[in-house]
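Enquirer: Take a look at the following structure, please.
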Amino acid sequence: MNATRTGTLKVPGATLHYETAGKGPVLLLISGGAGDAGMYAGMTPRLAAHHTVVTYDPRGLSRSPLDDPSDAPHADEQVRVWSDDAHRLLELLAPDAEAAVLGCSSGAVVALDLLARRPQRLRRVVTHEPPLVELLDDPAPHRALFAEVRETFHRAGAEAATARLGEGLSDGTGRQAPERPTELPPGIREMAGRMHANLPVFLGRVLVPFSSTVPDLAALRPVADRLTPAAGQDSRGQTALHGPAVRLAELLGSTFAEFPGGHLGAVEDPEEFAGRLLTVLS
């Protein structure tokens with residue numbers, strides 16, 4: 001059993017809580033949405049048999065406090081700043097070696113920016129369902145949905161905004177989601193309360209600016225062989241989630257990979273998701 005080690009890293013404007021487990025080449029896992037390091041608790045044991053797994057709470061979430069949170073409610077979070085945070089973690093924990101990175105959802109947007117700006121630090125980057133709707137042929141409806149979700153959050157609160165987001169991302173078929181295990185790993189159960197507390201950051205300051213990001217394709221093309229855009233097999237009908245990954249692979253000539261589960265496959269199918277990730281990384 002690989003024991004989890006914890007630490008903190010001071011970065012400009014915040015202090016990051018991070019966790020490591022296992023040994024071997026570094027694999028940095030960047031969470032998305034309102035998630036934190038606990039998002040990957042179900043996958044870590046299997047991954048840690050092959051890698052030094054690094055997870056962390058992004059700035060302003062859970063155990064990574066901002067130095068001055070008073071201005072935060074009025075400012076959008078910036079992909080570049082979050083990418084710099086990830087780079088500083090790699091400089092601390094893998095100073096002399098290339099690392100692999102998995103980012104999911106908004107974390108995938110961060111991972112993609114990291115590859116574009118710091119390719120020398122990375123040997124493989126897997127971006128699972130980055131909601132980069134500006135890559136789609138018709139981004140306007142998705143852009144409008146995310147703006148409406150943010151407005152709903154400010155007007156009616158997190159519960160109403162989360163419901164609107166789920167409704168808007170539905171594939172419109174009325175199909176029931178596939179059955180999932182009801183027993184979540186302890187790390188995920190522990191994260192649930194923190195995740196609820198993080199919703200204002202995600203809904204109010206991350207969703208719109210991250211989803212409206214336009215990746216630097218010119219910087220990514222020379223390192224496209226290190227990139228694996230990915231999406232879940234259960235997300236095929238969700239254009240805003242599955243579509244950008246497919247489009248990114250087309251634009252860059254990278255190899256697209258489909259993973260088990262849907263947008264939350266890393267949480268809902270951790271064993272299968274981890275196995276697929278290890279295959280992609282090898």
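Following the order of the structure tokens, first chain is A, next is B, and so on, with residues numbered from 1 inside each chain and ligands from 1 in the order they appear.
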Please return, as an MDAnalysis selection string, all residues of segment 40-270 of chain A that DSSP assigns to strand (DSSP E) on the basis of the backbone.

Expert: chainID A and resid 52:56 99:104 122:128 227:232 257:259

Enquirer: Can you write just those residues out, C-alpha atoms, as a PDB file, in the first residue's frame?

Expert:
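Generated output (selection.pdb):
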ATOM      1  CA  THR A  52       4.886   9.078  -8.378  1.00  0.00           C
ATOM      2  CA  VAL A  53       1.329  10.384  -8.459  1.00  0.00           C
ATOM      3  CA  VAL A  54       0.944  14.079  -7.668  1.00  0.00           C
ATOM      4  CA  THR A  55      -2.447  15.608  -6.953  1.00  0.00           C
ATOM      5  CA  TYR A  56      -3.286  19.030  -5.575  1.00  0.00           C
ATOM      6  CA  ALA A  99       6.572  14.432 -16.283  1.00  0.00           C
ATOM      7  CA  ALA A 100       3.268  13.095 -17.540  1.00  0.00           C
ATOM      8  CA  VAL A 101       0.059  15.042 -16.935  1.00  0.00           C
ATOM      9  CA  LEU A 102      -3.633  14.197 -16.900  1.00  0.00           C
ATOM     10  CA  GLY A 103      -6.129  17.046 -16.749  1.00  0.00           C
ATOM     11  CA  CYS A 104      -9.887  16.547 -16.632  1.00  0.00           C
ATOM     12  CA  LEU A 122       6.442  17.197 -20.285  1.00  0.00           C
ATOM     13  CA  ARG A 123       6.638  13.854 -22.037  1.00  0.00           C
ATOM     14  CA  ARG A 124       2.891  13.106 -22.325  1.00  0.00           C
ATOM     15  CA  VAL A 125      -0.249  15.164 -21.662  1.00  0.00           C
ATOM     16  CA  VAL A 126      -3.730  13.652 -21.627  1.00  0.00           C
ATOM     17  CA  THR A 127      -6.559  16.191 -21.777  1.00  0.00           C
ATOM     18  CA  HIS A 128      -9.864  14.559 -20.880  1.00  0.00           C
ATOM     19  CA  LEU A 227      -0.667  15.266 -26.601  1.00  0.00           C
ATOM     20  CA  THR A 228      -3.551  12.816 -26.281  1.00  0.00           C
ATOM     21  CA  PRO A 229      -6.957  14.534 -26.426  1.00  0.00           C
ATOM     22  CA  ALA A 230      -9.480  12.235 -24.751  1.00  0.00           C
ATOM     23  CA  ALA A 231     -13.162  11.902 -23.983  1.00  0.00           C
ATOM     24  CA  GLY A 232     -15.480   9.405 -22.331  1.00  0.00           C
ATOM     25  CA  ALA A 257      -8.330   8.360 -27.101  1.00  0.00           C
ATOM     26  CA  GLU A 258     -11.690   7.288 -25.744  1.00  0.00           C
ATOM     27  CA  PHE A 259     -11.918   6.465 -22.049  1.00  0.00           C
TER      28      PHE A 259
END

Enquirer: Residues of segment 83-121 of chain A within 12 Å of segment 203-207 of chain A: nearest atom pair and distance (Å, one decimal) for each, counting only C-alpha atoms, sorted by chain and number, as CSV?

Expert:
residue,atom,partner,partner_atom,distance
A:Ser105,CA,A:Leu207,CA,9.8
A:Ser106,CA,A:Leu207,CA,7.5
A:Gly107,CA,A:Val206,CA,10.4
A:Val109,CA,A:Val206,CA,10.8
A:Val110,CA,A:Val206,CA,11.2

Enquirer: Could you tell me which of A:Pro25, A:Gly33, A:Pro12, A:Pro222 comes closest to Phe202 of chain A if we count only C-alpha atoms?

Expert: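 Under the stated criterion, the closest residue is A:Gly33.
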
Enquirer: Have a look at A:Ser235, A:Ala240, A:Leu47, A:Arg59 and name the one nearest to Ala144 of chain A; count only C-alpha atoms.

Expert: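 Looking at the shortest contact to Ala144 of chain A, the residue is A:Ala240.
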
Enquirer: As an exercise, work out the distance from atom CA of Ser254 of chain A to atom CA of His50 of chain A in Å and give it to one decimal place.

Expert: 24.5 Å

Enquirer: Do a neighbour search on Leu248 of chain A at 12 Å with only C-alpha atoms, toss out local chain neighbours closer than 2 positions, and write the hits as a compact mmCIF listing (two decimals) with C-alpha atoms, in the first residue's frame.

Expert:
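out-v4.txt written:
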# COMPACT_ATOMS: atom_id res chain seq x y z
CA ALA A 108 -7.61 19.70 -19.05
CA VAL A 109 -7.67 23.34 -20.18
CA LEU A 112 -3.16 22.06 -22.47
CA VAL A 126 -3.73 13.65 -21.63
CA THR A 127 -6.56 16.19 -21.78
CA HIS A 128 -9.86 14.56 -20.88
CA GLU A 129 -12.90 16.52 -22.10
CA PRO A 130 -11.64 20.09 -21.99
CA PRO A 131 -14.78 22.22 -22.55
CA LEU A 132 -13.05 24.38 -25.17
CA VAL A 133 -16.25 25.28 -26.99
CA GLU A 134 -14.54 27.91 -29.18
CA LEU A 135 -13.04 25.00 -31.15
CA LEU A 136 -16.49 23.81 -32.22
CA VAL A 214 -8.74 29.58 -27.27
CA PRO A 215 -5.71 27.26 -27.08
CA ASP A 216 -2.44 28.31 -28.70
CA LEU A 217 -2.53 25.91 -31.64
CA LEU A 220 0.94 23.08 -29.69
CA ARG A 221 1.55 21.83 -33.24
CA ALA A 224 1.34 17.49 -30.83
CA LEU A 227 -0.67 15.27 -26.60
CA THR A 228 -3.55 12.82 -26.28
CA PRO A 229 -6.96 14.53 -26.43
CA ALA A 230 -9.48 12.23 -24.75
CA ALA A 231 -13.16 11.90 -23.98
CA LEU A 241 -17.65 17.93 -23.64
CA HIS A 242 -16.81 15.30 -26.25
CA GLY A 243 -16.59 17.57 -29.30
CA PRO A 244 -13.63 19.79 -28.35
CA ALA A 245 -11.35 16.81 -27.68
CA VAL A 246 -12.15 15.30 -31.08
CA GLU A 250 -8.12 16.85 -35.82
CA LEU A 251 -6.55 20.30 -35.71
CA LEU A 252 -3.23 19.10 -34.31
CA GLY A 253 -2.93 15.66 -35.85
CA SER A 254 -2.82 14.09 -32.38
CA THR A 255 -4.26 10.68 -31.60
CA PHE A 256 -7.66 10.86 -29.91
CA ALA A 257 -8.33 8.36 -27.10

Enquirer: Taking the backbone alone, and naming residues the way the document does, which bits of segment 173-252 of chain A are alpha helix (DSSP H) by DSSP, as a count of residues only?

Expert: 39

Enquirer: When you draw a straight line from atom CA of Asp67 of chain A to atom CA of Ala14 of chain A, how long is it in Å?

Expert: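 Computed distance, atom CA of Asp67 of chain A to atom CA of Ala14 of chain A, equals 5.0 Å.
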
Enquirer: Which of these, A:Thr4, A:Ala140, A:Gly35, A:Pro270, has the shortest distance to Gly193 of chain A once you count only C-alpha atoms?

Expert: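 The answer is A:Gly35, which sits nearest to Gly193 of chain A.
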
Enquirer: I want to know what sits within 9 Å of Ala158 of chain A, based on only C-alpha atoms, with residues of the same chain fewer than 5 positions away left out; could you give that as a ChimeraX atom specification?

Expert: /A:152-153,163,196,199-200,203

Enquirer: Quick check, in Å to one decimal: how far apart do atom CA of Glu268 of chain A and atom CA of Leu61 of chain A lie?

Expert: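 Value for the atom CA of Glu268 of chain A-atom CA of Leu61 of chain A distance: 21.5 Å.
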
Enquirer: Return the single residue from A:Thr15, A:Ser83, A:Thr8, A:Gln238 that is closest to Gly60 of chain A, with distances computed using only C-alpha atoms.

Expert: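 The answer is A:Thr15, which sits nearest to Gly60 of chain A.
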
Enquirer: Could you name the residues that touch Glu271 of chain A at 10 Å or less, counting only C-alpha atoms, but leaving out those on the same chain fewer than 6 positions away, as an MDAnalysis selection string?

Expert: chainID A and resid 42:47 260 265 277

Enquirer: Mind checking which residues fall within 12 Å of Glu98 of chain A, counting only C-alpha atoms, ignoring those fewer than 3 positions away in the same chain, and posting them as number ranges by chain?

Expert: A: 24-28, 87, 90-91, 93-95, 101, 115, 118-125, 226

Enquirer: Suppose we keep N, CA, C and O atoms; can you now write the selection as a tab-separated table (two decimals), in the first residue's frame?

Expert:
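Output saved as part.tsv:
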chain	number	residue	atom	x	y	z
A	24	GLY	N	8.57	6.43	-8.88
A	24	GLY	CA	8.75	6.33	-10.32
A	24	GLY	C	8.57	7.69	-10.96
A	24	GLY	O	8.54	8.72	-10.28
A	25	PRO	N	8.44	7.73	-12.29
A	25	PRO	CA	8.29	9.01	-12.98
A	25	PRO	C	7.02	9.73	-12.51
A	25	PRO	O	6.00	9.11	-12.21
A	26	VAL	N	7.10	11.05	-12.47
A	26	VAL	CA	5.99	11.85	-11.94
A	26	VAL	C	4.82	11.86	-12.92
A	26	VAL	O	4.99	12.04	-14.13
A	27	LEU	N	3.63	11.66	-12.37
A	27	LEU	CA	2.37	11.81	-13.09
A	27	LEU	C	1.53	12.82	-12.32
A	27	LEU	O	1.07	12.55	-11.21
A	28	LEU	N	1.35	14.00	-12.90
A	28	LEU	CA	0.59	15.08	-12.27
A	28	LEU	C	-0.86	15.00	-12.73
A	28	LEU	O	-1.14	14.99	-13.93
A	87	HIS	N	3.12	24.22	-13.16
A	87	HIS	CA	4.53	24.20	-13.52
A	87	HIS	C	5.42	24.30	-12.28
A	87	HIS	O	6.44	23.59	-12.17
A	90	LEU	N	5.69	20.99	-10.63
A	90	LEU	CA	6.62	20.10	-11.34
A	90	LEU	C	8.07	20.49	-11.07
A	90	LEU	O	8.95	19.62	-10.94
A	91	GLU	N	8.34	21.78	-10.99
A	91	GLU	CA	9.70	22.23	-10.69
A	91	GLU	C	10.13	21.76	-9.30
A	91	GLU	O	11.31	21.44	-9.08
A	93	LEU	N	8.77	18.98	-7.62
A	93	LEU	CA	8.69	17.54	-7.41
A	93	LEU	C	9.36	16.72	-8.51
A	93	LEU	O	9.62	15.52	-8.31
A	94	ALA	N	9.61	17.31	-9.67
A	94	ALA	CA	10.31	16.61	-10.76
A	94	ALA	C	11.27	17.58	-11.43
A	94	ALA	O	11.17	17.86	-12.62
A	95	PRO	N	12.24	18.12	-10.68
A	95	PRO	CA	13.07	19.20	-11.21
A	95	PRO	C	13.98	18.78	-12.35
A	95	PRO	O	14.36	19.61	-13.18
A	101	VAL	N	1.14	14.25	-17.53
A	101	VAL	CA	0.06	15.04	-16.93
A	101	VAL	C	-1.27	14.53	-17.45
A	101	VAL	O	-1.43	14.26	-18.65
A	115	LEU	N	1.24	22.50	-21.63
A	115	LEU	CA	1.99	21.91	-22.74
A	115	LEU	C	2.40	22.99	-23.75
A	115	LEU	O	3.52	22.96	-24.27
A	118	ARG	N	5.14	25.20	-21.61
A	118	ARG	CA	6.26	24.54	-20.93
A	118	ARG	C	6.51	23.13	-21.49
A	118	ARG	O	6.62	22.17	-20.72
A	119	PRO	N	6.60	22.98	-22.78
A	119	PRO	CA	6.70	21.62	-23.35
A	119	PRO	C	7.95	20.87	-22.91
A	119	PRO	O	7.94	19.64	-22.87
A	120	GLN	N	9.00	21.60	-22.57
A	120	GLN	CA	10.24	20.94	-22.19
A	120	GLN	C	10.11	20.16	-20.89
A	120	GLN	O	10.94	19.30	-20.59
A	121	ARG	N	9.07	20.41	-20.12
A	121	ARG	CA	8.88	19.73	-18.83
A	121	ARG	C	8.04	18.47	-18.97
A	121	ARG	O	7.90	17.72	-18.00
A	122	LEU	N	7.49	18.21	-20.17
A	122	LEU	CA	6.44	17.20	-20.29
A	122	LEU	C	6.79	16.16	-21.35
A	122	LEU	O	7.30	16.49	-22.41
A	123	ARG	N	6.45	14.91	-21.03
A	123	ARG	CA	6.64	13.85	-22.04
A	123	ARG	C	5.30	13.38	-22.61
A	123	ARG	O	5.24	12.90	-23.74
A	124	ARG	N	4.21	13.51	-21.84
A	124	ARG	CA	2.89	13.11	-22.32
A	124	ARG	C	1.83	13.89	-21.56
A	124	ARG	O	1.91	14.00	-20.33
A	125	VAL	N	0.86	14.43	-22.28
A	125	VAL	CA	-0.25	15.16	-21.66
A	125	VAL	C	-1.56	14.59	-22.19
A	125	VAL	O	-1.77	14.52	-23.40
A	226	ARG	N	3.08	14.69	-28.27
A	226	ARG	CA	3.05	14.46	-26.82
A	226	ARG	C	1.65	14.59	-26.24
A	226	ARG	O	1.46	14.37	-25.04

Enquirer: Between A:Ala97, A:Val208, A:Ala111, A:Leu281, single out the one closest to Asp85 of chain A, counting only C-alpha atoms.

Expert: A:Ala111

Enquirer: Which one is closest to Ala34 of chain A: A:Asp57, A:Asp84, A:Glu190, A:Glu19? Count only C-alpha atoms.

Expert: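 Of all the options, A:Asp57 lies closest to Ala34 of chain A.
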